[in-house]
>>> print(open('start.txt').read())   # compact mmCIF, C-alpha atoms
# COMPACT_ATOMS: atom_id res chain seq x y z
CA MET A 5 1.88 -5.62 41.75
CA LYS A 6 1.13 -6.60 45.32
CA LEU A 7 0.41 -4.10 48.07
CA ALA A 8 -0.04 -4.29 51.83
CA THR A 9 -0.43 -1.91 54.76
CA TYR A 10 1.95 -2.07 57.72
CA ARG A 11 1.04 -0.97 61.21
CA ASP A 12 2.57 2.33 62.27
CA GLY A 13 0.26 3.39 65.09
CA SER A 14 -2.09 5.38 62.84
CA ARG A 15 -5.53 4.49 61.55
CA ASP A 16 -4.42 4.15 57.95
CA GLY A 17 -1.05 2.46 58.38
CA GLN A 18 1.87 2.63 55.97
CA LEU A 19 1.69 1.45 52.35
CA VAL A 20 4.25 -1.15 51.29
CA VAL A 21 4.96 -2.90 48.00
CA VAL A 22 5.38 -6.67 48.37
CA SER A 23 7.35 -9.02 46.15
CA ARG A 24 5.59 -11.65 44.09
CA ASP A 25 6.77 -14.49 46.34
CA LEU A 26 5.79 -12.54 49.50
CA SER A 27 9.35 -12.67 50.84
CA GLN A 28 10.38 -8.99 50.52
CA ALA A 29 8.73 -5.58 50.85
CA CYS A 30 9.64 -1.92 50.66
CA TYR A 31 7.90 1.26 51.72
CA ALA A 32 6.27 3.33 49.00
CA ASN A 33 6.97 6.64 50.76
CA GLY A 34 8.25 8.43 47.67
CA ILE A 35 4.99 7.70 45.85
CA ALA A 36 2.24 7.40 48.47
CA THR A 37 1.98 6.65 52.16
CA ARG A 38 -1.55 5.21 52.16
CA LEU A 39 -3.47 2.98 49.78
CA GLN A 40 -6.44 5.37 49.61
CA GLN A 41 -4.17 7.99 48.05
CA VAL A 42 -3.36 5.54 45.27
CA LEU A 43 -7.01 4.69 44.66
CA ASP A 44 -7.89 8.40 44.46
CA ASP A 45 -5.21 9.03 41.83
CA TRP A 46 -4.76 5.60 40.29
CA ASN A 47 -3.71 6.56 36.77
CA PHE A 48 -0.82 8.66 38.10
CA MET A 49 0.38 6.59 41.07
CA ALA A 50 -0.21 3.00 39.97
CA PRO A 51 2.44 3.09 37.20
CA GLN A 52 5.00 4.39 39.69
CA LEU A 53 4.16 1.61 42.13
CA GLU A 54 4.40 -0.89 39.31
CA THR A 55 7.93 0.33 38.54
CA LEU A 56 8.86 -0.06 42.20
CA SER A 57 7.33 -3.54 42.19
CA VAL A 58 9.46 -4.57 39.21
CA SER A 59 12.59 -3.33 40.97
CA LEU A 60 11.66 -5.22 44.13
CA ASN A 61 11.05 -8.48 42.24
CA GLN A 62 14.39 -8.09 40.48
CA GLY A 63 16.21 -7.51 43.76
CA ARG A 64 17.11 -3.91 42.92
CA ALA A 65 14.84 -2.02 45.33
CA ARG A 66 16.63 0.12 47.88
CA HIS A 67 15.82 -0.41 51.55
CA ALA A 68 13.95 -3.69 50.96
CA PHE A 69 13.23 -5.78 54.04
CA ALA A 70 11.75 -9.16 54.92
CA PHE A 71 7.97 -9.10 54.62
CA ASP A 72 6.13 -10.05 57.82
CA PRO A 73 2.36 -10.69 57.42
CA ARG A 74 1.89 -10.36 61.18
CA GLN A 75 2.67 -6.65 60.90
CA CYS A 76 -0.14 -6.11 58.40
CA MET A 77 -3.43 -4.36 58.90
CA ALA A 78 -6.27 -4.79 56.44
CA PRO A 79 -4.88 -3.72 53.03
CA LEU A 80 -7.25 -0.74 53.08
CA PRO A 81 -7.93 -0.06 56.76
CA ARG A 82 -10.83 2.34 56.09
CA LEU A 83 -13.14 1.31 53.27
CA ALA A 84 -15.41 3.67 51.38
CA GLY A 85 -18.01 0.91 51.59
CA TRP A 86 -18.50 -2.83 51.82
CA ILE A 87 -21.01 -4.58 49.56
CA ALA A 88 -21.50 -8.29 50.11
CA GLY A 89 -22.61 -10.07 46.98
CA GLU A 90 -24.02 -13.53 46.42
CA ALA A 91 -22.58 -14.83 43.15
CA TYR A 92 -23.03 -18.49 44.14
CA PRO A 93 -26.72 -19.50 44.20
CA GLY A 94 -25.69 -22.90 45.56
CA GLN A 95 -24.51 -21.27 48.79
CA GLY A 96 -27.91 -19.67 49.31
CA GLN A 97 -29.57 -23.03 48.71
CA ALA A 98 -27.26 -24.65 51.27
CA LEU A 99 -28.25 -22.02 53.85
CA ARG A 100 -31.95 -22.54 53.16
CA GLU A 101 -31.46 -26.27 53.68
CA ARG A 102 -30.00 -25.44 57.10
CA GLY A 103 -33.22 -23.64 58.01
CA LEU A 104 -32.21 -20.02 57.40
CA ALA A 105 -34.71 -17.72 55.73
CA TRP A 106 -32.22 -16.87 52.99
CA PRO A 107 -33.83 -15.04 50.05
CA GLU A 108 -33.73 -16.49 46.57
CA ARG A 109 -33.16 -14.43 43.46
CA LEU A 110 -32.78 -15.88 39.99
CA SER A 111 -32.56 -12.92 37.64
CA ALA A 112 -29.76 -10.93 39.33
CA PRO A 113 -27.28 -11.39 42.18
CA LEU A 114 -28.21 -10.59 45.75
CA LEU A 115 -26.35 -7.66 47.29
CA ARG A 116 -26.14 -6.46 50.88
CA ALA A 117 -24.62 -3.23 52.17
CA GLY A 118 -22.44 -4.35 55.07
CA GLY A 119 -20.63 -2.66 57.92
CA ALA A 120 -16.95 -1.86 57.57
CA GLU A 121 -16.18 -0.70 61.10
CA ALA A 122 -14.21 -3.76 62.29
CA LEU A 123 -11.49 -4.61 59.76
CA LEU A 124 -8.96 -7.17 60.98
CA GLY A 125 -5.49 -7.96 59.74
CA PRO A 126 -4.51 -11.53 58.83
CA ALA A 127 -3.20 -12.53 62.27
CA ASP A 128 -5.46 -10.43 64.51
CA LEU A 129 -7.14 -12.25 67.39
CA LEU A 130 -10.92 -12.42 67.04
CA ASP A 131 -12.13 -11.77 70.58
CA LEU A 132 -15.64 -13.15 70.20
CA ARG A 133 -17.14 -15.87 72.37
CA ALA A 134 -20.65 -16.05 70.89
CA PRO A 135 -21.68 -19.48 69.54
CA GLY A 136 -22.13 -20.41 65.91
CA LEU A 137 -19.25 -18.46 64.38
CA GLU A 138 -18.43 -19.35 60.76
CA PRO A 139 -16.11 -17.84 58.15
CA GLU A 140 -17.47 -16.74 54.79
CA ALA A 141 -14.20 -16.72 52.87
CA GLN A 142 -14.40 -15.11 49.46
CA LEU A 143 -12.70 -13.17 46.72
CA ALA A 144 -13.43 -9.44 46.73
CA VAL A 145 -12.55 -6.54 44.44
CA LEU A 146 -11.54 -3.02 45.43
CA THR A 147 -12.85 -0.45 42.97
CA GLY A 148 -11.98 2.97 41.69
CA ASP A 149 -14.75 5.50 41.09
CA LEU A 150 -17.60 3.90 39.17
CA ALA A 151 -20.50 5.84 37.68
CA GLN A 152 -24.13 5.00 38.24
CA GLY A 153 -25.65 2.71 35.63
CA ALA A 154 -22.40 1.03 34.54
CA VAL A 155 -22.69 -2.09 32.39
CA PRO A 156 -20.62 -5.18 33.32
CA SER A 157 -17.80 -4.47 30.84
CA GLN A 158 -17.44 -0.89 32.13
CA ALA A 159 -17.66 -2.10 35.72
CA LEU A 160 -14.74 -4.50 35.29
CA GLU A 161 -12.54 -1.64 34.15
CA SER A 162 -12.97 -0.07 37.60
CA VAL A 163 -11.45 -3.09 39.38
CA ARG A 164 -8.18 -1.98 40.93
CA LEU A 165 -7.20 -4.74 43.34
CA LEU A 166 -8.27 -8.22 44.39
CA MET A 167 -8.40 -9.36 48.02
CA LEU A 168 -9.12 -12.42 50.12
CA VAL A 169 -11.61 -11.57 52.86
CA SER A 170 -13.55 -13.54 55.46
CA ASP A 171 -16.93 -12.02 56.25
CA TRP A 172 -17.44 -13.51 59.72
CA VAL A 173 -21.01 -14.54 60.51
CA LEU A 174 -22.78 -15.72 63.66
CA ARG A 175 -25.38 -18.16 62.33
CA PRO A 176 -27.80 -18.11 65.32
CA ALA A 177 -27.91 -14.30 65.25
CA GLN A 178 -28.24 -14.35 61.47
CA GLN A 179 -31.19 -16.73 61.68
CA GLU A 180 -32.96 -14.37 64.08
CA GLU A 181 -32.28 -11.32 61.91
CA LEU A 182 -33.44 -13.03 58.72
CA ALA A 183 -36.59 -14.36 60.38
CA ASN A 184 -37.52 -10.86 61.54
CA GLY A 185 -36.60 -9.13 58.30
CA TRP A 186 -33.87 -7.09 60.01
CA PRO A 187 -30.67 -6.05 58.24
CA ALA A 188 -27.49 -7.88 59.19
CA LEU A 189 -25.91 -6.14 62.17
CA HIS A 190 -25.33 -8.35 65.20
CA SER A 191 -24.66 -11.39 63.00
CA ARG A 192 -21.73 -9.74 61.16
CA PRO A 193 -19.05 -8.85 63.74
CA ALA A 194 -15.99 -8.25 61.52
CA LEU A 195 -14.20 -8.57 58.21
CA GLN A 196 -10.77 -10.18 58.20
CA PHE A 197 -8.25 -9.90 55.37
CA ALA A 198 -5.29 -11.76 53.95
CA PRO A 199 -2.22 -9.49 54.08
CA VAL A 200 -1.82 -8.69 50.39
CA ALA A 201 -4.01 -6.98 47.80
CA LEU A 202 -2.97 -7.55 44.20
CA THR A 203 -3.72 -6.32 40.72
CA PRO A 204 -5.50 -8.82 38.45
CA ASP A 205 -2.41 -9.25 36.28
CA GLU A 206 -0.77 -11.04 39.23
CA LEU A 207 -3.07 -13.98 38.42
CA PRO A 208 -1.88 -14.78 34.89
CA GLY A 209 -4.34 -17.08 33.17
CA ALA A 210 -6.48 -17.33 36.31
CA TRP A 211 -8.39 -14.03 36.06
CA TYR A 212 -10.74 -13.92 33.09
CA LEU A 213 -13.92 -11.91 32.52
CA GLY A 214 -14.45 -11.18 36.18
CA ARG A 215 -13.87 -14.68 37.54
CA ALA A 216 -10.77 -16.24 39.12
CA ALA A 217 -9.67 -19.87 38.80
CA LEU A 218 -8.40 -20.25 42.36
CA GLN A 219 -8.63 -22.99 44.96
CA LEU A 220 -10.06 -21.91 48.32
CA GLN A 221 -8.44 -23.86 51.16
CA ILE A 222 -9.59 -23.76 54.77
CA MET A 223 -7.75 -25.41 57.66
CA ARG A 224 -9.02 -25.60 61.24
CA ASN A 225 -6.61 -26.45 64.04
CA GLY A 226 -4.12 -27.70 61.44
CA ARG A 227 -6.61 -30.01 59.73
CA LYS A 228 -7.90 -29.42 56.22
CA GLN A 229 -11.61 -28.64 56.20
CA ALA A 230 -12.29 -27.74 52.58
CA VAL A 231 -10.70 -27.25 49.18
CA VAL A 232 -13.09 -25.59 46.75
CA ASP A 233 -12.80 -24.28 43.18
CA ALA A 234 -13.75 -20.60 43.43
CA LYS A 235 -14.79 -20.49 39.79
CA ALA A 236 -17.19 -23.44 39.98
CA GLY A 237 -20.78 -22.46 40.62
CA MET A 238 -20.13 -18.73 40.25
CA GLN A 239 -23.22 -17.75 38.27
CA TRP A 240 -22.54 -14.00 38.28
CA SER A 241 -19.14 -12.44 37.53
CA PHE A 242 -17.69 -9.41 39.27
CA GLY A 243 -18.82 -7.37 36.26
CA ASP A 244 -22.40 -8.45 37.01
CA LEU A 245 -22.01 -7.73 40.73
CA LEU A 246 -20.59 -4.24 40.15
CA ALA A 247 -23.19 -3.38 37.52
CA GLU A 248 -25.96 -4.41 39.92
CA ALA A 249 -24.35 -2.35 42.71
CA THR A 250 -24.43 0.79 40.53
CA ARG A 251 -27.99 0.37 39.33
CA ASN A 252 -29.20 3.40 41.32
CA ARG A 253 -26.01 4.94 42.71
CA PRO A 254 -22.30 5.38 41.94
CA LEU A 255 -19.43 3.74 43.81
CA ARG A 256 -16.59 5.71 45.31
CA ALA A 257 -12.94 4.71 45.01
CA GLY A 258 -12.16 2.36 47.88
CA THR A 259 -15.43 0.38 47.78
CA LEU A 260 -15.02 -3.33 48.39
CA VAL A 261 -17.40 -5.78 46.71
CA GLY A 262 -17.38 -9.47 47.62
CA ALA A 263 -18.60 -12.43 45.59
CA GLY A 264 -19.76 -14.52 48.54
CA MET A 265 -18.37 -17.86 49.59
CA PRO A 266 -18.28 -20.84 47.24
CA VAL A 267 -20.30 -23.84 48.38
CA LEU A 268 -18.47 -25.94 50.98
CA GLY A 269 -19.22 -29.60 51.44
CA LYS A 270 -19.62 -29.08 55.19
CA PRO A 271 -19.93 -25.89 57.26
CA VAL A 272 -16.88 -24.82 59.26
CA VAL A 273 -18.15 -23.84 62.72
CA LEU A 274 -15.57 -22.51 65.15
CA GLU A 275 -15.37 -22.90 68.89
CA ALA A 276 -13.50 -20.84 71.46
CA GLY A 277 -9.75 -21.35 71.23
CA ASP A 278 -9.77 -22.64 67.65
CA SER A 279 -7.26 -21.54 65.03
CA LEU A 280 -8.12 -21.06 61.38
CA ARG A 281 -6.07 -20.67 58.21
CA ILE A 282 -7.69 -19.51 54.96
CA GLU A 283 -5.95 -18.97 51.63
CA PHE A 284 -6.49 -19.05 47.91
CA LYS A 285 -4.14 -21.38 46.06
CA LEU A 286 -2.88 -20.91 42.53
CA GLY A 287 -0.98 -24.07 41.63
CA ASP A 288 1.32 -25.72 44.16
CA GLY A 289 3.07 -22.62 45.49
CA PRO A 290 2.10 -20.29 48.34
CA GLY A 291 -1.18 -18.45 48.06
CA PRO A 292 -0.82 -15.21 46.06
CA PHE A 293 -2.65 -13.19 48.75
CA GLY A 294 -0.90 -14.74 51.70
CA ALA A 295 -3.20 -16.28 54.31
CA ILE A 296 -5.66 -15.35 57.00
CA ASP A 297 -4.03 -17.10 59.94
CA MET A 298 -5.99 -16.24 63.07
CA ASP A 299 -6.94 -17.51 66.50
CA LEU A 300 -10.28 -17.28 68.22
CA ALA A 301 -10.20 -16.06 71.81
CA GLU A 302 -10.61 -18.76 74.42
CA SER A 303 -13.81 -18.96 76.41
CA GLU A 304 -14.04 -16.93 79.61
CA GLN A 305 -14.17 -20.15 81.63
CA ALA A 306 -10.99 -21.48 79.99
CA SER A 307 -9.26 -18.15 80.45
CA SER A 308 -10.28 -18.09 84.12
CA LEU A 309 -8.99 -21.63 84.68
CA ALA A 310 -5.72 -20.77 82.97
CA ALA A 311 -5.35 -17.71 85.17
CA ASP A 312 -6.03 -19.81 88.30
CA VAL A 313 -3.42 -22.38 87.23
CA ASP A 314 -0.87 -19.64 86.64
CA ALA A 315 -1.63 -18.11 90.04
CA ASP A 316 -1.30 -21.49 91.79
CA ALA A 317 2.00 -22.12 90.02
CA ALA A 318 3.29 -18.71 91.09
CA ASP A 319 2.26 -19.38 94.71
CA ALA A 320 3.98 -22.77 94.62
CA ASP A 321 7.15 -21.20 93.27
CA ALA A 322 7.04 -18.56 96.01
CA ASP A 323 6.57 -21.23 98.69
CA ALA A 324 9.45 -23.25 97.25
CA ASP A 325 11.72 -20.22 97.36
CA ALA A 326 10.77 -19.48 100.97
CA THR A 327 11.22 -23.08 102.26
CA PRO A 328 14.80 -24.25 102.96
CA PRO A 329 15.80 -27.43 101.14
CA VAL A 330 15.51 -30.70 103.09
CA GLU A 331 18.39 -33.15 102.94
CA PRO A 332 17.37 -36.60 101.66
CA ALA A 333 17.17 -39.31 104.30
CA GLU A 334 19.36 -41.66 102.25
CA PRO A 335 21.70 -41.40 99.28
CA ALA A 336 20.14 -41.09 95.87
CA ALA A 337 21.76 -44.28 94.69
CA THR A 338 20.05 -46.25 97.46
CA ALA A 339 16.66 -44.71 96.61
CA ALA A 340 17.11 -45.59 92.97
CA ALA A 341 17.95 -49.13 93.85
CA ASP A 342 14.75 -49.51 95.85
CA THR A 343 12.56 -48.21 93.00
CA PRO A 344 10.46 -51.03 91.48
CA GLU A 345 11.35 -51.72 87.86
CA GLY A 346 7.70 -51.43 86.80
CA ASP A 347 7.51 -47.78 87.91
CA LEU A 348 10.03 -46.53 85.34
CA ASP A 349 8.77 -44.29 82.51
CA GLU A 350 10.54 -46.37 79.83
CA PRO A 351 8.75 -49.52 78.66
CA ALA A 352 10.17 -52.73 80.03
CA SER A 353 12.42 -54.77 77.73
CA PRO A 354 10.72 -57.85 76.26
>>> encode(input="start.txt", output="structure tokens")
Amino acid sequence: MKLATYRDGSRDGQLVVVSRDLSQACYANGIATRLQQVLDDWNFMAPQLETLSVSLNQGRARHAFAFDPRQCMAPLPRLAGWIAGEAYPGQGQALRERGLAWPERLSAPLLRAGGAEALLGPADLLDLRAPGLEPEAQLAVLTGDLAQGAVPSQALESVRLLMLVSDWVLRPAQQEELANGWPALHSRPALQFAPVALTPDELPGAWYLGRAALQLQIMRNGRKQAVVDAKAGMQWSFGDLLAEATRNRPLRAGTLVGAGMPVLGKPVVLEAGDSLRIEFKLGDGPGPFGAIDMDLAESEQASSLAADVDADAADADADADATPPVEPAEPAATAAADTPEGDLDEPASP
């Protein structure tokens, strides 16, 4: 099944079930109003949502409506926790080659407890004008309760939903924090999510032993930047990541654990006013999670210039309205006749 959270003016939004092709949705009011309720009582509520999902996909759901990703918040707007993993050692090596003091660990995956205060929906504007902003697009799992000391096979049983998330990073700030041994704070401004969270069975044949055979695609300003196999180079599975996360503590239902970004051939560095589209592809169809399709706020200078242009245009319109029209000195036909042929917008005939 596929789930999303619609905006309704509250902090937690309204839970909706989404069709497999992302065209239709229906509210899950009779079962649960928020995703956290489902995670807290998964064994009871998930089968009911699955039944509703089947009805929706068969066109039998009552009160179904067209699904609009722009109305979505993060699938779980308030996380129990965010743990950023590093399942791709090649990505760490690429960062070290760029001069960052990125730690290296060979025997177990790196994990970092991240902030989950700023969670953005798929189309939310990122109002951030600091330089060096890059996406760290990755697959992440949302867990149920998981006991301390779980082994990888037990840990995988706690996986409830899969998500596409971009862990935004400011590289200059990150370099400073790493060099000083500080935890990531100023360098990690927000997490942004694709609209839909899905159960692993929605990836038939692609989800196996804690890894997903998906293609990560990133487009900047309408131009393709990268297409990467998310399974390639993933040294540690989600079972390994979750087991490492519970080494000395349990996880609460609603904890999100990311695998880190697969290695890109070239970093994607955004500038003010850029647009970005991120999605996981499974075959030739639309991405199963939907897409992160966001814009970066324009620079203050560009915004100021645009405001000045708008103000000048408004003043010109006001002056035009206040000034009486002036009759032309000669008929329009005469003026057209006097216009040199070379001044016309159309190219001259050969």
>>> atom_distance(input="start.txt", atom1="atom CA of A:Tyr212", atom2="atom CA of A:Asp45")
25.2 Å
>>> atom_distance(input="start.txt", atom1="atom CA of A:Trp86", atom2="atom CA of A:Arg253")
14.1 Å
>>> closest_residue(input="start.txt", among="A:Thr37, A:Thr203, A:Thr9, A:Ser241", to="A:Arg74", atoms="all atoms listed in the file")
A:Thr9
>>> atom_distance(input="start.txt", atom1="atom CA of A:His190", atom2="atom CA of A:Gln75")
28.4 Å
>>> closest_atom_pairs(input="start.txt", of="stretch 31-104 of chain A", to="stretch 122-136 of chain A", cutoff="9 Å", atoms="only C-alpha atoms", output="JSON lines")
{"residue": "A:Pro73", "atom": "CA", "partner": "A:Pro126", "partner_atom": "CA", "distance": 7.1}
{"residue": "A:Arg74", "atom": "CA", "partner": "A:Ala127", "partner_atom": "CA", "distance": 5.6}
{"residue": "A:Gln75", "atom": "CA", "partner": "A:Gly125", "partner_atom": "CA", "distance": 8.3}
{"residue": "A:Cys76", "atom": "CA", "partner": "A:Gly125", "partner_atom": "CA", "distance": 5.8}
{"residue": "A:Met77", "atom": "CA", "partner": "A:Gly125", "partner_atom": "CA", "distance": 4.2}
{"residue": "A:Ala78", "atom": "CA", "partner": "A:Gly125", "partner_atom": "CA", "distance": 4.6}
{"residue": "A:Pro79", "atom": "CA", "partner": "A:Gly125", "partner_atom": "CA", "distance": 8.0}
{"residue": "A:Leu80", "atom": "CA", "partner": "A:Leu123", "partner_atom": "CA", "distance": 8.8}
{"residue": "A:Pro81", "atom": "CA", "partner": "A:Leu123", "partner_atom": "CA", "distance": 6.5}
{"residue": "A:Arg82", "atom": "CA", "partner": "A:Leu123", "partner_atom": "CA", "distance": 7.9}
{"residue": "A:Leu83", "atom": "CA", "partner": "A:Leu123", "partner_atom": "CA", "distance": 8.9}
>>> closest_residue(input="start.txt", among="A:Asn61, A:Gln219, A:Gln229, A:Ser14", to="A:Pro266", atoms="all atoms listed in the file")
A:Gln219
>>> residues_around(input="start.txt", residues="A:Glu90", least_positions_apart="2", cutoff="8 Å", atoms="only C-alpha atoms", output="PDB file with C-alpha atoms, keeping the file's coordinate frame")
ATOM      1  CA  ALA A  88     -21.500  -8.290  50.110  1.00  0.00           C
ATOM      2  CA  TYR A  92     -23.030 -18.490  44.140  1.00  0.00           C
ATOM      3  CA  PRO A  93     -26.720 -19.500  44.200  1.00  0.00           C
ATOM      4  CA  GLY A  96     -27.910 -19.670  49.310  1.00  0.00           C
ATOM      5  CA  PRO A 113     -27.280 -11.390  42.180  1.00  0.00           C
ATOM      6  CA  LEU A 114     -28.210 -10.590  45.750  1.00  0.00           C
ATOM      7  CA  LEU A 115     -26.350  -7.660  47.290  1.00  0.00           C
ATOM      8  CA  GLY A 262     -17.380  -9.470  47.620  1.00  0.00           C
ATOM      9  CA  ALA A 263     -18.600 -12.430  45.590  1.00  0.00           C
ATOM     10  CA  GLY A 264     -19.760 -14.520  48.540  1.00  0.00           C
ATOM     11  CA  MET A 265     -18.370 -17.860  49.590  1.00  0.00           C
TER      12      MET A 265
END
>>> residues_around(input="start.txt", residues="A:Pro290", least_positions_apart="6", cutoff="12 Å", atoms="only C-alpha atoms", output="list in words")
Arg24, Asp25, Leu26, Ser27, Gln219, Gln221, Ile282, Glu283 and Phe284 of chain A
>>> closest_residue(input="start.txt", among="A:Gln196, A:Gln152, A:Thr259, A:Gln52", to="A:Ala295", atoms="all atoms listed in the file")
A:Gln196
